[in-house]
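Here is the file data-v6.cif (mmCIF, C-alpha atoms).
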```cif
data_final
#
loop_
_atom_site.label_atom_id
_atom_site.label_comp_id
_atom_site.auth_asym_id
_atom_site.auth_seq_id
_atom_site.Cartn_x
_atom_site.Cartn_y
_atom_site.Cartn_z
CA MET L 1 -16.64 13.45 13.90
CA THR L 2 -13.91 15.12 15.89
CA PHE L 3 -11.40 13.34 18.11
CA SER L 4 -8.33 14.08 20.15
CA TYR L 5 -5.18 13.60 18.14
CA HIS L 6 -1.64 12.84 19.29
CA GLU L 7 1.74 12.50 17.62
CA PRO L 8 4.07 10.98 20.23
CA THR L 9 7.77 11.15 19.38
CA THR L 10 8.89 7.98 21.18
CA TRP L 11 7.54 4.45 21.57
CA VAL L 12 7.37 5.02 25.34
CA ALA L 13 5.22 8.11 24.87
CA ALA L 14 3.00 6.20 22.43
CA HIS L 15 2.48 3.46 25.02
CA GLU L 16 1.71 5.99 27.74
CA LEU L 17 -0.99 7.50 25.54
CA ILE L 18 -2.51 4.14 24.71
CA ALA L 19 -2.42 3.05 28.35
CA ARG L 20 -4.29 6.23 29.24
CA GLU L 21 -6.75 5.88 26.35
CA PRO L 22 -7.16 2.17 25.62
CA GLU L 23 -9.85 2.92 23.03
CA ALA L 24 -7.41 4.99 20.98
CA THR L 25 -7.10 4.24 17.29
CA VAL L 26 -3.49 3.87 16.15
CA LEU L 27 -2.75 5.73 12.95
CA ALA L 28 -0.03 4.68 10.50
CA GLY L 29 -0.10 5.89 6.86
CA GLY L 30 -3.74 6.91 7.12
CA THR L 31 -5.20 5.63 3.83
CA ALA L 32 -7.59 3.08 5.34
CA PHE L 33 -8.23 5.30 8.36
CA MET L 34 -9.38 8.27 6.26
CA LEU L 35 -11.66 6.05 4.17
CA MET L 36 -13.29 4.43 7.18
CA LEU L 37 -13.60 7.75 8.98
CA ARG L 38 -15.34 9.38 6.01
CA GLN L 39 -17.67 6.43 5.58
CA GLY L 40 -18.62 6.48 9.26
CA LEU L 41 -17.27 2.97 9.81
CA ILE L 42 -15.12 4.19 12.70
CA ARG L 43 -15.83 6.92 15.21
CA PRO L 44 -12.60 7.28 17.16
CA SER L 45 -12.54 9.38 20.31
CA SER L 46 -8.77 9.45 20.30
CA VAL L 47 -6.15 8.88 17.62
CA VAL L 48 -2.45 8.19 18.18
CA SER L 49 -0.29 8.61 15.10
CA LEU L 50 3.10 6.89 14.96
CA ARG L 51 4.42 9.18 12.22
CA ARG L 52 6.90 10.99 14.47
CA VAL L 53 8.34 7.93 16.21
CA PRO L 54 11.96 7.82 15.08
CA GLU L 55 13.30 4.61 13.56
CA ALA L 56 9.78 3.38 12.85
CA THR L 57 10.43 3.59 9.11
CA ALA L 58 13.81 1.81 9.14
CA ILE L 59 14.41 -1.18 6.87
CA ARG L 60 17.38 -3.24 8.06
CA ALA L 61 19.10 -6.58 7.62
CA ASP L 62 18.92 -8.64 10.79
CA ALA L 63 21.83 -10.64 12.20
CA HIS L 64 20.64 -13.87 10.55
CA GLY L 65 20.24 -12.60 6.99
CA GLY L 66 16.58 -11.77 7.32
CA LEU L 67 14.83 -8.44 7.06
CA SER L 68 13.43 -6.11 9.70
CA ILE L 69 10.93 -3.67 8.22
CA GLY L 70 9.81 -0.80 10.42
CA ALA L 71 6.05 -0.70 10.86
CA MET L 72 5.90 2.82 9.39
CA ALA L 73 7.89 2.00 6.24
CA THR L 74 5.72 2.73 3.21
CA HIS L 75 5.06 0.19 0.48
CA THR L 76 7.10 2.40 -1.87
CA ALA L 77 10.03 2.33 0.58
CA VAL L 78 9.92 -1.47 0.42
CA VAL L 79 9.58 -1.53 -3.37
CA MET L 80 12.55 0.84 -3.79
CA SER L 81 14.77 -0.58 -1.02
CA PRO L 82 17.99 -2.07 -2.48
CA LEU L 83 18.17 -4.29 0.62
CA VAL L 84 14.67 -5.73 0.13
CA ARG L 85 15.24 -6.17 -3.60
CA LYS L 86 18.42 -8.09 -2.88
CA THR L 87 17.16 -10.17 0.06
CA TRP L 88 13.51 -10.83 -0.81
CA PRO L 89 12.77 -9.44 -4.29
CA GLU L 90 9.53 -11.43 -4.26
CA PHE L 91 8.35 -9.37 -1.29
CA ALA L 92 9.20 -6.13 -3.09
CA GLU L 93 7.16 -7.42 -6.05
CA ALA L 94 4.20 -8.20 -3.81
CA ALA L 95 4.35 -4.71 -2.28
CA ALA L 96 4.45 -3.24 -5.79
CA LYS L 97 1.12 -4.92 -6.56
CA VAL L 98 -0.72 -2.95 -3.88
CA ALA L 99 -3.28 -0.47 -5.25
CA THR L 100 -1.75 2.59 -6.90
CA LEU L 101 1.54 4.45 -6.67
CA ARG L 102 -0.22 7.13 -4.60
CA ILE L 103 -1.44 4.59 -2.04
CA ARG L 104 1.95 2.87 -1.95
CA ASN L 105 3.57 6.24 -1.22
CA GLN L 106 1.37 6.71 1.85
CA ALA L 107 0.25 3.32 3.17
CA THR L 108 2.63 1.47 5.48
CA ILE L 109 3.58 -2.19 5.95
CA GLY L 110 2.68 -2.18 9.65
CA GLY L 111 -0.61 -0.44 8.90
CA SER L 112 -1.48 -3.04 6.28
CA VAL L 113 -0.92 -5.86 8.78
CA ALA L 114 -2.76 -4.14 11.63
CA HIS L 115 -5.72 -3.25 9.38
CA ALA L 116 -6.17 -7.00 8.72
CA ASP L 117 -8.15 -6.57 5.51
CA PRO L 118 -8.33 -10.11 4.09
CA ALA L 119 -8.06 -8.69 0.55
CA SER L 120 -4.74 -6.93 1.24
CA ASP L 121 -1.67 -8.18 -0.57
CA VAL L 122 1.23 -7.74 1.84
CA PRO L 123 -0.15 -9.75 4.81
CA VAL L 124 -0.71 -12.79 2.56
CA MET L 125 2.87 -12.70 1.32
CA LEU L 126 4.22 -12.13 4.84
CA ALA L 127 2.29 -15.17 6.08
CA ALA L 128 3.78 -17.31 3.32
CA LEU L 129 7.31 -16.08 4.07
CA GLY L 130 6.90 -17.05 7.73
CA ALA L 131 7.24 -13.44 8.86
CA GLN L 132 6.65 -12.33 12.44
CA ALA L 133 5.52 -9.05 13.90
CA LEU L 134 7.70 -7.61 16.63
CA VAL L 135 4.99 -6.37 18.98
CA ARG L 136 5.59 -3.87 21.80
CA SER L 137 3.54 -3.24 24.85
CA GLY L 138 4.40 -1.18 27.92
CA ALA L 139 5.69 -4.43 29.45
CA GLY L 140 8.11 -5.40 26.70
CA THR L 141 8.20 -7.04 23.30
CA ARG L 142 7.08 -10.35 21.83
CA ARG L 143 7.12 -11.91 18.40
CA VAL L 144 3.87 -13.05 16.76
CA PRO L 145 3.74 -15.01 13.48
CA ILE L 146 1.68 -13.03 10.95
CA ASP L 147 -0.73 -15.93 10.42
CA GLU L 148 -1.44 -15.97 14.18
CA LEU L 149 -1.73 -12.18 14.35
CA LEU L 150 -4.46 -12.10 11.68
CA VAL L 151 -7.46 -13.86 13.18
CA ASP L 152 -10.50 -12.48 11.37
CA THR L 153 -11.72 -9.78 9.01
CA PHE L 154 -10.28 -6.44 10.26
CA THR L 155 -9.35 -8.25 13.50
CA THR L 156 -5.93 -9.05 14.95
CA SER L 157 -4.86 -10.87 18.09
CA LEU L 158 -3.10 -7.71 19.35
CA ALA L 159 -4.03 -6.58 22.85
CA ALA L 160 -5.27 -3.01 23.26
CA ASP L 161 -1.89 -1.86 24.61
CA GLU L 162 0.19 -3.52 21.90
CA LEU L 163 1.78 -1.84 18.88
CA ILE L 164 3.52 -3.41 15.90
CA GLN L 165 7.08 -2.08 15.95
CA SER L 166 8.44 -3.95 12.95
CA ILE L 167 7.88 -6.91 10.66
CA GLU L 168 10.62 -9.52 10.55
CA ILE L 169 11.04 -11.76 7.52
CA PRO L 170 13.35 -14.73 8.09
CA ALA L 171 16.35 -15.33 5.89
CA ARG L 172 15.90 -17.39 2.77
CA GLY L 173 17.75 -20.66 2.30
CA ARG L 174 19.88 -21.58 -0.66
CA TYR L 175 16.97 -23.43 -2.30
CA THR L 176 14.13 -21.14 -1.25
CA ARG L 177 11.73 -20.03 -3.92
CA ALA L 178 8.78 -17.70 -3.51
CA VAL L 179 6.08 -16.06 -5.59
CA TYR L 180 3.07 -13.78 -5.16
CA LEU L 181 0.30 -13.79 -7.76
CA LYS L 182 -2.77 -11.57 -7.77
CA PHE L 183 -5.88 -11.79 -9.90
CA THR L 184 -7.93 -8.63 -10.29
CA LEU L 185 -11.23 -8.26 -12.12
CA ARG L 186 -10.70 -5.05 -14.04
CA SER L 187 -7.51 -3.07 -13.52
CA VAL L 188 -4.18 -3.71 -11.84
CA ASP L 189 -4.99 -1.37 -8.96
CA ASP L 190 -8.10 -3.26 -7.84
CA TYR L 191 -8.21 -5.30 -4.66
CA ALA L 192 -7.52 -8.95 -5.38
CA THR L 193 -10.39 -11.23 -6.33
CA VAL L 194 -7.98 -13.98 -5.32
CA SER L 195 -4.29 -13.87 -4.53
CA VAL L 196 -1.80 -16.57 -3.69
CA ALA L 197 1.56 -16.37 -1.96
CA ALA L 198 3.81 -19.41 -1.88
CA ARG L 199 7.28 -20.28 -0.68
CA ALA L 200 9.13 -23.58 -0.54
CA ASP L 201 12.62 -25.02 -0.49
CA ILE L 202 13.04 -27.15 -3.59
CA ALA L 203 16.24 -29.09 -4.22
CA GLN L 204 16.74 -32.07 -6.54
CA GLY L 205 13.00 -32.29 -6.93
CA TYR L 206 12.29 -32.58 -3.20
CA VAL L 207 9.91 -30.03 -1.73
CA ASN L 208 10.50 -28.87 1.83
CA ALA L 209 8.80 -26.44 4.16
CA PRO L 210 6.12 -25.19 1.76
CA ARG L 211 3.92 -22.35 2.96
CA ILE L 212 1.03 -21.44 0.68
CA PHE L 213 -1.51 -18.78 1.65
CA LEU L 214 -4.41 -17.35 -0.32
CA GLY L 215 -5.84 -13.87 0.02
CA ALA L 216 -9.41 -12.55 -0.39
CA VAL L 217 -10.93 -16.03 -0.08
CA GLY L 218 -11.63 -16.12 3.65
CA PRO L 219 -11.60 -13.90 6.73
CA ARG L 220 -7.78 -13.95 6.94
CA PRO L 221 -4.94 -15.28 4.78
CA MET L 222 -6.03 -18.90 4.24
CA ARG L 223 -3.38 -21.58 4.43
CA ALA L 224 -3.54 -24.23 1.70
CA ARG L 225 -2.43 -27.11 3.92
CA SER L 226 -3.84 -29.81 1.62
CA VAL L 227 -1.79 -28.49 -1.27
CA GLU L 228 1.30 -28.16 0.92
CA SER L 229 0.99 -31.79 2.08
CA ALA L 230 0.43 -33.04 -1.45
CA ILE L 231 3.47 -31.35 -2.93
CA VAL L 232 5.68 -32.65 -0.12
CA GLU L 233 4.32 -36.21 -0.49
CA ASP L 234 4.63 -35.98 -4.25
CA SER L 235 8.25 -34.83 -4.26
CA LYS L 236 9.96 -36.13 -7.41
CA ASP L 237 6.59 -37.14 -8.86
CA PRO L 238 4.11 -34.25 -8.62
CA ARG L 239 0.50 -35.24 -9.26
CA PRO L 240 -1.00 -33.21 -12.10
CA ASP L 241 -3.83 -31.68 -10.10
CA ALA L 242 -2.45 -30.90 -6.62
CA GLU L 243 -3.76 -27.37 -7.00
CA ALA L 244 -7.37 -28.62 -7.05
CA LEU L 245 -7.03 -29.43 -3.33
CA VAL L 246 -6.99 -25.69 -2.64
CA ARG L 247 -10.77 -25.61 -3.11
CA SER L 248 -11.27 -27.19 0.31
CA ASP L 249 -8.64 -25.00 2.02
CA ILE L 250 -10.46 -21.71 1.42
CA ASP L 251 -13.77 -20.13 2.38
CA PRO L 252 -14.70 -17.46 -0.17
CA ILE L 253 -17.93 -15.46 -0.15
CA ASP L 254 -20.06 -13.99 -2.94
CA ASP L 255 -19.32 -10.29 -3.34
CA ILE L 256 -18.69 -7.59 -5.92
CA ARG L 257 -15.40 -9.22 -6.86
CA GLY L 258 -17.00 -12.49 -7.85
CA SER L 259 -19.11 -15.41 -6.69
CA ALA L 260 -17.70 -17.84 -4.15
CA GLU L 261 -17.60 -20.55 -6.82
CA TYR L 262 -15.78 -18.29 -9.27
CA LYS L 263 -13.20 -17.46 -6.60
CA ARG L 264 -12.71 -21.16 -5.85
CA GLU L 265 -12.00 -21.83 -9.48
CA MET L 266 -9.67 -18.84 -9.80
CA ALA L 267 -7.91 -19.95 -6.61
CA ARG L 268 -7.26 -23.30 -8.28
CA VAL L 269 -5.92 -21.61 -11.40
CA LEU L 270 -3.70 -19.19 -9.49
CA THR L 271 -2.39 -21.97 -7.24
CA ARG L 272 -1.39 -23.96 -10.31
CA ARG L 273 0.47 -20.93 -11.66
CA ALA L 274 2.15 -20.42 -8.29
CA LEU L 275 3.29 -24.06 -8.16
CA ARG L 276 4.65 -23.81 -11.69
CA ALA L 277 6.55 -20.68 -10.68
CA LEU L 278 8.02 -22.47 -7.65
CA TYR L 279 9.08 -25.49 -9.74
CA ALA L 280 10.37 -23.44 -12.68
CA MET C 281 -12.37 19.86 19.38
CA SER C 282 -8.83 18.89 18.53
CA GLU C 283 -7.11 21.58 16.47
CA HIS C 284 -3.51 21.49 15.40
CA LEU C 285 -1.14 24.08 14.00
CA ILE C 286 0.54 22.84 10.84
CA ARG C 287 3.34 24.55 8.93
CA PHE C 288 4.10 23.62 5.37
CA THR C 289 5.30 25.08 2.09
CA VAL C 290 2.93 25.00 -0.84
CA ASN C 291 4.12 26.08 -4.28
CA GLY C 292 7.03 27.90 -2.66
CA VAL C 293 4.89 29.81 -0.14
CA GLN C 294 5.22 29.05 3.58
CA ARG C 295 1.91 28.67 5.34
CA GLU C 296 0.57 28.11 8.82
CA GLN C 297 -2.93 26.78 9.32
CA ARG C 298 -4.93 25.58 12.25
CA VAL C 299 -6.64 22.36 11.22
CA ALA C 300 -9.12 20.05 12.88
CA ALA C 301 -7.72 16.55 13.32
CA GLN C 302 -10.18 14.94 10.92
CA ARG C 303 -9.51 17.31 7.99
CA ARG C 304 -7.99 16.14 4.76
CA LEU C 305 -5.17 17.81 2.88
CA ILE C 306 -7.45 18.51 -0.09
CA ASP C 307 -9.77 20.57 2.13
CA VAL C 308 -6.88 22.65 3.42
CA LEU C 309 -5.55 23.21 -0.09
CA ARG C 310 -8.88 24.13 -1.66
CA ASP C 311 -10.77 25.82 1.18
CA ASP C 312 -8.03 27.37 3.32
CA CYS C 313 -5.33 28.08 0.72
CA GLY C 314 -7.74 28.82 -2.15
CA LEU C 315 -5.83 26.43 -4.40
CA THR C 316 -8.84 25.06 -6.26
CA GLY C 317 -6.78 23.68 -9.14
CA THR C 318 -6.66 20.37 -7.27
CA LYS C 319 -9.96 18.61 -8.00
CA GLU C 320 -11.90 16.16 -5.90
CA GLY C 321 -13.11 13.22 -7.96
CA CYS C 322 -13.89 9.92 -6.27
CA SER C 323 -12.91 10.91 -2.69
CA VAL C 324 -11.63 7.37 -2.07
CA GLY C 325 -8.10 7.44 -3.47
CA ILE C 326 -8.83 5.71 -6.77
CA CYS C 327 -9.28 8.30 -9.52
CA GLY C 328 -6.16 10.43 -9.08
CA ALA C 329 -7.87 13.78 -9.70
CA CYS C 330 -6.65 15.11 -6.34
CA SER C 331 -3.00 14.08 -6.86
CA VAL C 332 -0.45 16.46 -5.36
CA LEU C 333 3.26 16.16 -4.61
CA VAL C 334 4.22 15.91 -0.95
CA ASP C 335 8.01 16.09 -0.58
CA GLY C 336 8.18 15.08 -4.23
CA GLU C 337 5.99 11.99 -3.90
CA VAL C 338 2.59 11.83 -5.55
CA ILE C 339 -0.27 11.12 -3.14
CA SER C 340 -4.06 11.40 -3.07
CA SER C 341 -4.82 14.58 -1.14
CA CYS C 342 -8.28 13.17 -0.36
CA LEU C 343 -6.64 10.47 1.78
CA LEU C 344 -3.88 12.37 3.55
CA PRO C 345 -4.73 13.67 7.02
CA ALA C 346 -4.02 17.41 6.96
CA THR C 347 -1.92 16.97 10.09
CA TYR C 348 0.44 14.83 8.01
CA ALA C 349 1.27 17.87 5.87
CA ASP C 350 3.09 19.48 8.80
CA GLY C 351 6.72 20.04 7.88
CA THR C 352 6.31 19.05 4.24
CA THR C 353 6.77 20.77 0.90
CA ILE C 354 3.73 20.49 -1.36
CA THR C 355 3.30 21.14 -5.06
CA THR C 356 -0.14 21.51 -6.60
CA VAL C 357 -0.95 22.14 -10.26
CA GLU C 358 -0.79 25.89 -9.58
CA GLY C 359 2.87 25.45 -8.64
CA LEU C 360 4.01 23.97 -11.94
CA ALA C 361 4.11 27.09 -14.14
CA GLN C 362 6.76 29.64 -13.12
CA SER C 363 6.16 33.39 -13.66
CA GLY C 364 3.26 32.64 -15.98
CA GLU C 365 5.36 30.32 -18.14
CA LEU C 366 3.83 26.90 -18.60
CA THR C 367 6.16 23.93 -18.19
CA PRO C 368 7.05 21.95 -21.33
CA LEU C 369 4.72 19.24 -20.01
CA GLN C 370 1.79 21.64 -19.72
CA ASP C 371 2.50 22.98 -23.21
CA ALA C 372 2.61 19.45 -24.55
CA PHE C 373 -0.75 18.58 -22.96
CA ILE C 374 -2.22 21.47 -24.97
CA THR C 375 -0.51 20.77 -28.28
CA GLU C 376 -0.98 16.98 -28.12
CA GLY C 377 -4.59 17.07 -26.97
CA GLY C 378 -3.81 15.65 -23.55
CA PHE C 379 -7.25 16.54 -22.21
CA GLN C 380 -10.85 17.09 -23.17
CA CYS C 381 -13.04 18.11 -20.23
CA GLY C 382 -10.04 18.92 -18.04
CA ILE C 383 -11.25 17.66 -14.68
CA CYS C 384 -8.55 15.01 -14.43
CA THR C 385 -5.84 17.23 -15.91
CA PRO C 386 -4.37 18.71 -12.69
CA GLY C 387 -3.84 15.19 -11.36
CA GLN C 388 -2.47 13.96 -14.70
CA LEU C 389 0.01 16.85 -14.78
CA ILE C 390 1.13 16.22 -11.20
CA THR C 391 1.68 12.49 -11.74
CA ALA C 392 3.42 13.09 -15.07
CA THR C 393 5.66 15.69 -13.42
CA ALA C 394 6.67 13.10 -10.79
CA LEU C 395 7.20 10.53 -13.54
CA LEU C 396 9.53 12.84 -15.48
CA ALA C 397 11.47 13.64 -12.30
CA ALA C 398 12.03 9.90 -11.74
CA HIS C 399 12.43 8.96 -15.42
CA PRO C 400 13.44 11.96 -17.56
CA ARG C 401 13.27 9.81 -20.71
CA PRO C 402 10.37 7.45 -20.00
CA THR C 403 9.41 4.45 -22.10
CA ASP C 404 5.79 3.66 -22.96
CA THR C 405 5.89 0.97 -20.28
CA GLN C 406 7.07 3.43 -17.64
CA ILE C 407 4.47 5.98 -18.69
CA ASP C 408 1.71 3.38 -18.49
CA ALA C 409 2.91 2.12 -15.09
CA TRP C 410 2.93 5.60 -13.59
CA MET C 411 -0.18 7.01 -15.27
CA THR C 412 -2.41 3.94 -15.01
CA SER C 413 -4.05 5.09 -11.79
CA ASN C 414 -4.98 8.58 -13.00
CA LEU C 415 -8.34 8.02 -14.63
CA CYS C 416 -9.55 10.03 -17.62
CA ARG C 417 -13.19 9.32 -18.46
CA CYS C 418 -12.90 11.19 -21.76
CA THR C 419 -10.38 8.39 -22.46
CA GLY C 420 -7.68 10.75 -23.63
CA TYR C 421 -4.91 8.35 -22.69
CA HIS C 422 -3.09 8.34 -26.03
CA GLY C 423 -2.93 12.13 -26.06
CA ILE C 424 -1.57 12.10 -22.51
CA ARG C 425 1.09 9.58 -23.45
CA ARG C 426 2.07 11.64 -26.54
CA ALA C 427 2.25 14.77 -24.41
CA ILE C 428 4.62 13.13 -21.92
CA HIS C 429 6.84 11.86 -24.73
CA LYS C 430 6.89 15.31 -26.30
CA ALA C 431 7.84 17.01 -23.04
CA ALA C 432 10.59 14.43 -22.50
CA GLY C 433 11.80 14.63 -26.09
CA THR C 434 11.34 10.88 -26.50
#
```

Can you present the structure in this file as structure tokens?
Amino acid sequence: MTFSYHEPTTWVAAHELIAREPEATVLAGGTAFMLMLRQGLIRPSSVVSLRRVPEATAIRADAHGGLSIGAMATHTAVVMSPLVRKTWPEFAEAAAKVATLRIRNQATIGGSVAHADPASDVPVMLAALGAQALVRSGAGTRRVPIDELLVDTFTTSLAADELIQSIEIPARGRYTRAVYLKFTLRSVDDYATVSVAARADIAQGYVNAPRIFLGAVGPRPMRARSVESAIVEDSKDPRPDAEALVRSDIDPIDDIRGSAEYKREMARVLTRRALRALYA
Amino acid sequence: MSEHLIRFTVNGVQREQRVAAQRRLIDVLRDDCGLTGTKEGCSVGICGACSVLVDGEVISSCLLPATYADGTTITTVEGLAQSGELTPLQDAFITEGGFQCGICTPGQLITATALLAAHPRPTDTQIDAWMTSNLCRCTGYHGIRRAIHKAAGT
């Protein structure tokens, strides 16, 4: 179970290592990595940790009023950040719903995105907020919307030589509202049975630019396009059951956190609560 | 074999260890440092038995790569009492019945210590929010909550 292990101290050095060892596993906070390693789900030959790359934990305001969150920022850093709490308090609240305090102290935002676990909380909220990953390769950087980055269970669209440098959340508008709701079966630190993240601009009863994503009910954050269309069409006169359309937008499976049918029903209930929160 | 030299301070003592890349902090603490007060419960970061403080933050030592301890300051349950004197929190766990079998107690004490550092006069809500992820299967939660209040004088 042994592997070569590297802690580069610059992005350039990290890229050189990955170029030399394209099969290398990139290590962020390490919570998911240690679990998968112990369970034999991964057998890395080489591991490149980003923990010593300076600036990788920085949380900053960008020039347009949005947020730039370093890939190695922990969930706790996001929850406690005065800047995040001022700019996107709903994102801080979503990060606070991840697992336990101990996990939040170790697990990182970039790691959560790269891990691409469809039951994770933060990627679902990032997708709803229209966030992008700033992705670096040896050749340069590009921006990838989170919902395009996450393509399947534990699978991203990142190339082998690409690293997530930061996550960028666009600025909110004057009428932007957002919410993240999570339903767990037993205790608050469980993985979600179903979660929903929603954002929209709502002024004088008119709904604009809604983005609604559900977590744990498909191989990636699932976009509720039918619900989005309905609430835009229904501006001023919302139909009473728009949330029921979510049932056809998702693709849940039977597992230990509930049957597919149960998750569909809970998705409907949570989507209704999310819409109420947006309209409130 | 990938071995790495790590330097860290545990309970005020500076240490250097060579660790294999796949080792966990809990293995270094228990097997290399002989600090067996930290218990291994679920091994998957849920139960909280293996909680330790790393640079003041509570983490699951079963999930932290040992290499990540390099350069940090660690406190385990053995580091709470000073010169044989229990902390007020430890005393309160005894007098308020904050444990039965004791297996979860090192983790409970570590998390409660971090809680009191962040919130010296915690409310019930704050206690519940911080302690919720340290499981006690003897279900001694009320005694634990009383003990924290007693130590805080609240």

Residues near Ile374 (chain C), cut-off 12 Å, only C-alpha atoms, skip fewer than 4 positions along chain, as number ranges by chain: C: 366-370, 378-380, 382, 385, 389, 423-424, 426-428, 430-431

Given the PyMOL selection byres ((chain L) within 7 of (chain C)), the residues it picks as a VMD selection string: chain L and resid 2 to 5 30 to 31 34 to 35 100 102 to 103 105 to 106

Near-Ser137 (chain L) list (10 Å; only C-alpha atoms; drop same-chain fewer than 6 positions) as a PyMOL selection string: chain L and resi 11-12+14-16+18-19+158-165

Hits of the PyMOL selection byres ((chain L and resi 79) around 9) in this structure, as a PyMOL selection string: chain L and resi 74-78+80-82+84-85+89+91-96+104

Distance in Å - CA of Thr176 (chain L) versus CA of Glu265 (chain L): 27.4 Å

Distance of CA of Gln132 (chain L) from CA of Ser166 (chain L), expressed in Å to one decimal place: 8.6 Å

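What separates CA of Gly292 (chain C) from CA of Ala28 (chain L) is a distance of 27.6 Å.
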
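This file, filtered with the PyMOL selection byres ((chain L and resi 111-116) around 8), gives the residues Leu27, Ala28, Gly29, Ala32, Ala71, Met72, Ala107, Thr108, Ile109, Gly110, Asp117, Pro118, Ser120, Val122, Pro123, Ile146, Leu150, Asp152, Thr153, Phe154, Thr155, Thr156, Ile164 and Arg220 of chain L.
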
Spatial neighbours of Ser235 (chain L), max dist 12 Å, all atoms listed in the file, sep filter under 6 positions, as number ranges by chain: L: 200-210, 228-229, 242, 279

Residue among L:Glu168, L:Asp190, L:Glu55, L:Asp237 lying closest to Lys97 (chain L), counting all atoms listed in the file: L:Asp190

Of the listed residues C:Cys416, C:Thr403, C:Lys319, C:Ala432, that which approaches Ala372 (chain C) most closely, counting only C-alpha atoms: C:Ala432

Spatial neighbours of Ala128 (chain L), max dist 8 Å, only C-alpha atoms, sep filter under 6 positions, as a VMD selection string: chain L and resid 197 to 199 211 to 213

Residues from the last selection, C-alpha atoms, saved as a tab-separated table (two decimals), keeping the file's coordinate frame:
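The resulting file, part-v1.tsv, is shown below:
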```tsv
chain	number	residue	atom	x	y	z
L	197	ALA	CA	1.56	-16.37	-1.96
L	198	ALA	CA	3.81	-19.41	-1.88
L	199	ARG	CA	7.28	-20.28	-0.68
L	211	ARG	CA	3.92	-22.35	2.96
L	212	ILE	CA	1.03	-21.44	0.68
L	213	PHE	CA	-1.51	-18.78	1.65
```

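For Leu185 (chain L), the list of residues within 10 Å, based on only C-alpha atoms and with local chain neighbours fewer than 6 positions off taken out, reads Tyr191, Ala192, Thr193, Val194, Ile256, Arg257 and Gly258 of chain L.
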
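If all atoms listed in the file are the atoms counted, then among L:Gly138, L:Pro8, L:Gly215, L:Pro252 the closest residue to Thr271 (chain L) is L:Gly215.
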